[in-house]
Amino acid sequence: MKDDFKLGQYITHEGVTGYVTFISDNYITYCIKEKPISDESAKSSRRKKTQVNVLIFRSEWGDVATTTRIHKDNDG
């Protein structure tokens with residue numbers, strides 16, 4: 001089933017939608033929330049956003065549904 005997931009693909013797990021950020025043989029992670037970091041912190045950071053990522057073990061992959069991104073206004 002690992003081949004079914006793609007980085008950046010939108011999925012839903014337990015009613016929470018996000019996009020795949022990491023794939024291994026044993027688990028995937030997906031981002032459910034992100035926000036930009038401050039300009040000051042961005043100067044010395046590899047990434048320009050803070051992410052909340054959720055780990056989904058292989059045993060739960062059957063509970064994952066693919067979905068499409070829904071655009072949100074405001075806090076998005």
# chains A, B, ... in the order shown; residues from 1 in each chain; ligands from 1

$ residues_around --residues "Thr29 in chain A" --least-positions-apart "4" --cutoff "7 Å" --atoms "only C-alpha atoms" --output "list in words"
Val20, Thr21, Phe22, Ile23, Asn53, Val54, Leu55 and Ile56 of chain A

$ select_by_dssp --residues "chain A" --states "helix (DSSP H, G or I)" --output "ChimeraX atom specification"
/A:2-4,39-42,58-63

$ write_last_selection --atoms "N, CA and C atoms" --output "JSON list (two decimals), in the first residue's frame"
[["chain", "number", "residue", "atom", "x", "y", "z"],
["A", 2, "LYS", "N", 2.13, 1.15, 0.40],
["A", 2, "LYS", "CA", 3.03, 2.30, 0.41],
["A", 2, "LYS", "C", 3.02, 3.01, -0.94],
["A", 3, "ASP", "N", 2.97, 2.25, -2.02],
["A", 3, "ASP", "CA", 3.00, 2.84, -3.35],
["A", 3, "ASP", "C", 1.74, 3.64, -3.65],
["A", 4, "ASP", "N", 0.69, 3.48, -2.86],
["A", 4, "ASP", "CA", -0.55, 4.22, -3.06],
["A", 4, "ASP", "C", -0.45, 5.66, -2.57],
["A", 39, "ASP", "N", 9.58, 36.48, 10.67],
["A", 39, "ASP", "CA", 10.69, 36.85, 9.79],
["A", 39, "ASP", "C", 12.03, 36.66, 10.49],
["A", 40, "GLU", "N", 12.08, 36.98, 11.76],
["A", 40, "GLU", "CA", 13.32, 36.83, 12.52],
["A", 40, "GLU", "C", 13.74, 35.37, 12.61],
["A", 41, "SER", "N", 12.81, 34.50, 12.92],
["A", 41, "SER", "CA", 13.12, 33.07, 13.00],
["A", 41, "SER", "C", 13.44, 32.48, 11.63],
["A", 42, "ALA", "N", 12.83, 33.00, 10.60],
["A", 42, "ALA", "CA", 13.02, 32.47, 9.25],
["A", 42, "ALA", "C", 14.46, 32.65, 8.77],
["A", 58, "ARG", "N", 1.37, 1.76, 9.75],
["A", 58, "ARG", "CA", 0.97, 0.89, 8.64],
["A", 58, "ARG", "C", -0.34, 0.14, 8.93],
["A", 59, "SER", "N", -0.52, -0.28, 10.17],
["A", 59, "SER", "CA", -1.73, -1.03, 10.53],
["A", 59, "SER", "C", -3.01, -0.20, 10.36],
["A", 60, "GLU", "N", -2.89, 1.12, 10.26],
["A", 60, "GLU", "CA", -4.04, 2.01, 10.11],
["A", 60, "GLU", "C", -4.23, 2.51, 8.68],
["A", 61, "TRP", "N", -3.35, 2.11, 7.76],
["A", 61, "TRP", "CA", -3.43, 2.62, 6.40],
["A", 61, "TRP", "C", -4.76, 2.29, 5.72],
["A", 62, "GLY", "N", -5.39, 1.22, 6.13],
["A", 62, "GLY", "CA", -6.69, 0.87, 5.56],
["A", 62, "GLY", "C", -7.78, 1.85, 5.93],
["A", 63, "ASP", "N", -7.55, 2.65, 6.98],
["A", 63, "ASP", "CA", -8.53, 3.65, 7.43],
["A", 63, "ASP", "C", -8.33, 5.01, 6.77]]

$ residues_around --residues "Arg69 in chain A" --least-positions-apart "3" --cutoff "10 Å" --atoms "only C-alpha atoms" --output "ChimeraX atom specification"
/A:9-11,17-19,66,72

$ write_last_selection --atoms "all heavy atoms" --output "compact mmCIF listing (two decimals), in the first residue's frame"
# COMPACT_ATOMS: atom_id res chain seq x y z
N GLN A 9 -0.02 14.48 -1.35
CA GLN A 9 -1.38 13.98 -1.60
C GLN A 9 -2.27 14.28 -0.40
O GLN A 9 -1.86 14.10 0.75
CB GLN A 9 -1.33 12.48 -1.84
CG GLN A 9 -2.66 11.81 -2.00
CD GLN A 9 -2.51 10.30 -2.15
OE1 GLN A 9 -1.61 9.70 -1.59
NE2 GLN A 9 -3.40 9.71 -2.92
N TYR A 10 -3.47 14.74 -0.65
CA TYR A 10 -4.41 15.03 0.44
C TYR A 10 -5.13 13.75 0.85
O TYR A 10 -5.60 12.98 0.00
CB TYR A 10 -5.40 16.12 0.04
CG TYR A 10 -4.78 17.47 0.19
CD1 TYR A 10 -3.98 18.00 -0.82
CD2 TYR A 10 -4.95 18.21 1.35
CE1 TYR A 10 -3.37 19.23 -0.67
CE2 TYR A 10 -4.34 19.43 1.51
CZ TYR A 10 -3.55 19.94 0.50
OH TYR A 10 -2.93 21.15 0.67
N ILE A 11 -5.17 13.53 2.17
CA ILE A 11 -5.81 12.34 2.73
C ILE A 11 -6.66 12.76 3.93
O ILE A 11 -6.50 13.84 4.49
CB ILE A 11 -4.78 11.28 3.18
CG1 ILE A 11 -3.85 11.83 4.27
CG2 ILE A 11 -3.98 10.76 1.98
CD1 ILE A 11 -2.94 10.79 4.90
N THR A 17 -8.35 16.06 7.76
CA THR A 17 -7.75 16.12 6.43
C THR A 17 -6.43 16.87 6.47
O THR A 17 -6.28 17.85 7.19
CB THR A 17 -8.72 16.82 5.45
OG1 THR A 17 -9.92 16.07 5.39
CG2 THR A 17 -8.12 16.93 4.06
N GLY A 18 -5.47 16.40 5.68
CA GLY A 18 -4.18 17.05 5.55
C GLY A 18 -3.46 16.46 4.35
O GLY A 18 -4.06 15.72 3.57
N TYR A 19 -2.17 16.78 4.22
CA TYR A 19 -1.42 16.24 3.08
C TYR A 19 -0.19 15.47 3.56
O TYR A 19 0.40 15.78 4.58
CB TYR A 19 -1.04 17.35 2.09
CG TYR A 19 -0.11 18.40 2.63
CD1 TYR A 19 1.27 18.27 2.50
CD2 TYR A 19 -0.60 19.53 3.27
CE1 TYR A 19 2.13 19.22 2.99
CE2 TYR A 19 0.25 20.49 3.75
CZ TYR A 19 1.62 20.34 3.61
OH TYR A 19 2.46 21.30 4.11
N THR A 66 -8.25 8.92 0.40
CA THR A 66 -7.71 10.04 -0.37
C THR A 66 -8.83 11.07 -0.56
O THR A 66 -10.00 10.74 -0.58
CB THR A 66 -7.17 9.59 -1.73
OG1 THR A 66 -8.22 8.97 -2.47
CG2 THR A 66 -6.02 8.62 -1.56
N LYS A 72 -9.62 27.10 2.02
CA LYS A 72 -10.20 27.80 3.16
C LYS A 72 -9.75 29.25 3.13
O LYS A 72 -8.61 29.54 2.85
CB LYS A 72 -9.72 27.18 4.47
CG LYS A 72 -10.25 25.84 4.79
CD LYS A 72 -9.77 25.43 6.15
CE LYS A 72 -10.31 24.12 6.59
NZ LYS A 72 -9.83 23.75 7.92

$ atom_distance --atom1 "CA of Leu7 in chain A" --atom2 "CA of Lys43 in chain A"
26.1 Å

$ select_by_dssp --residues "chain A" --states "strand (DSSP E)" --output "count of residues only"
33

$ closest_residue --among "A:Thr67, A:Gly8, A:Gln51, A:Ser44" --to "Ile28 in chain A" --atoms "only C-alpha atoms"
A:Gly8

$ atom_distance --atom1 "CA of His13 in chain A" --atom2 "CA of Ile37 in chain A"
26.4 Å

$ atom_distance --atom1 "CA of Lys33 in chain A" --atom2 "CA of Val64 in chain A"
17.6 Å
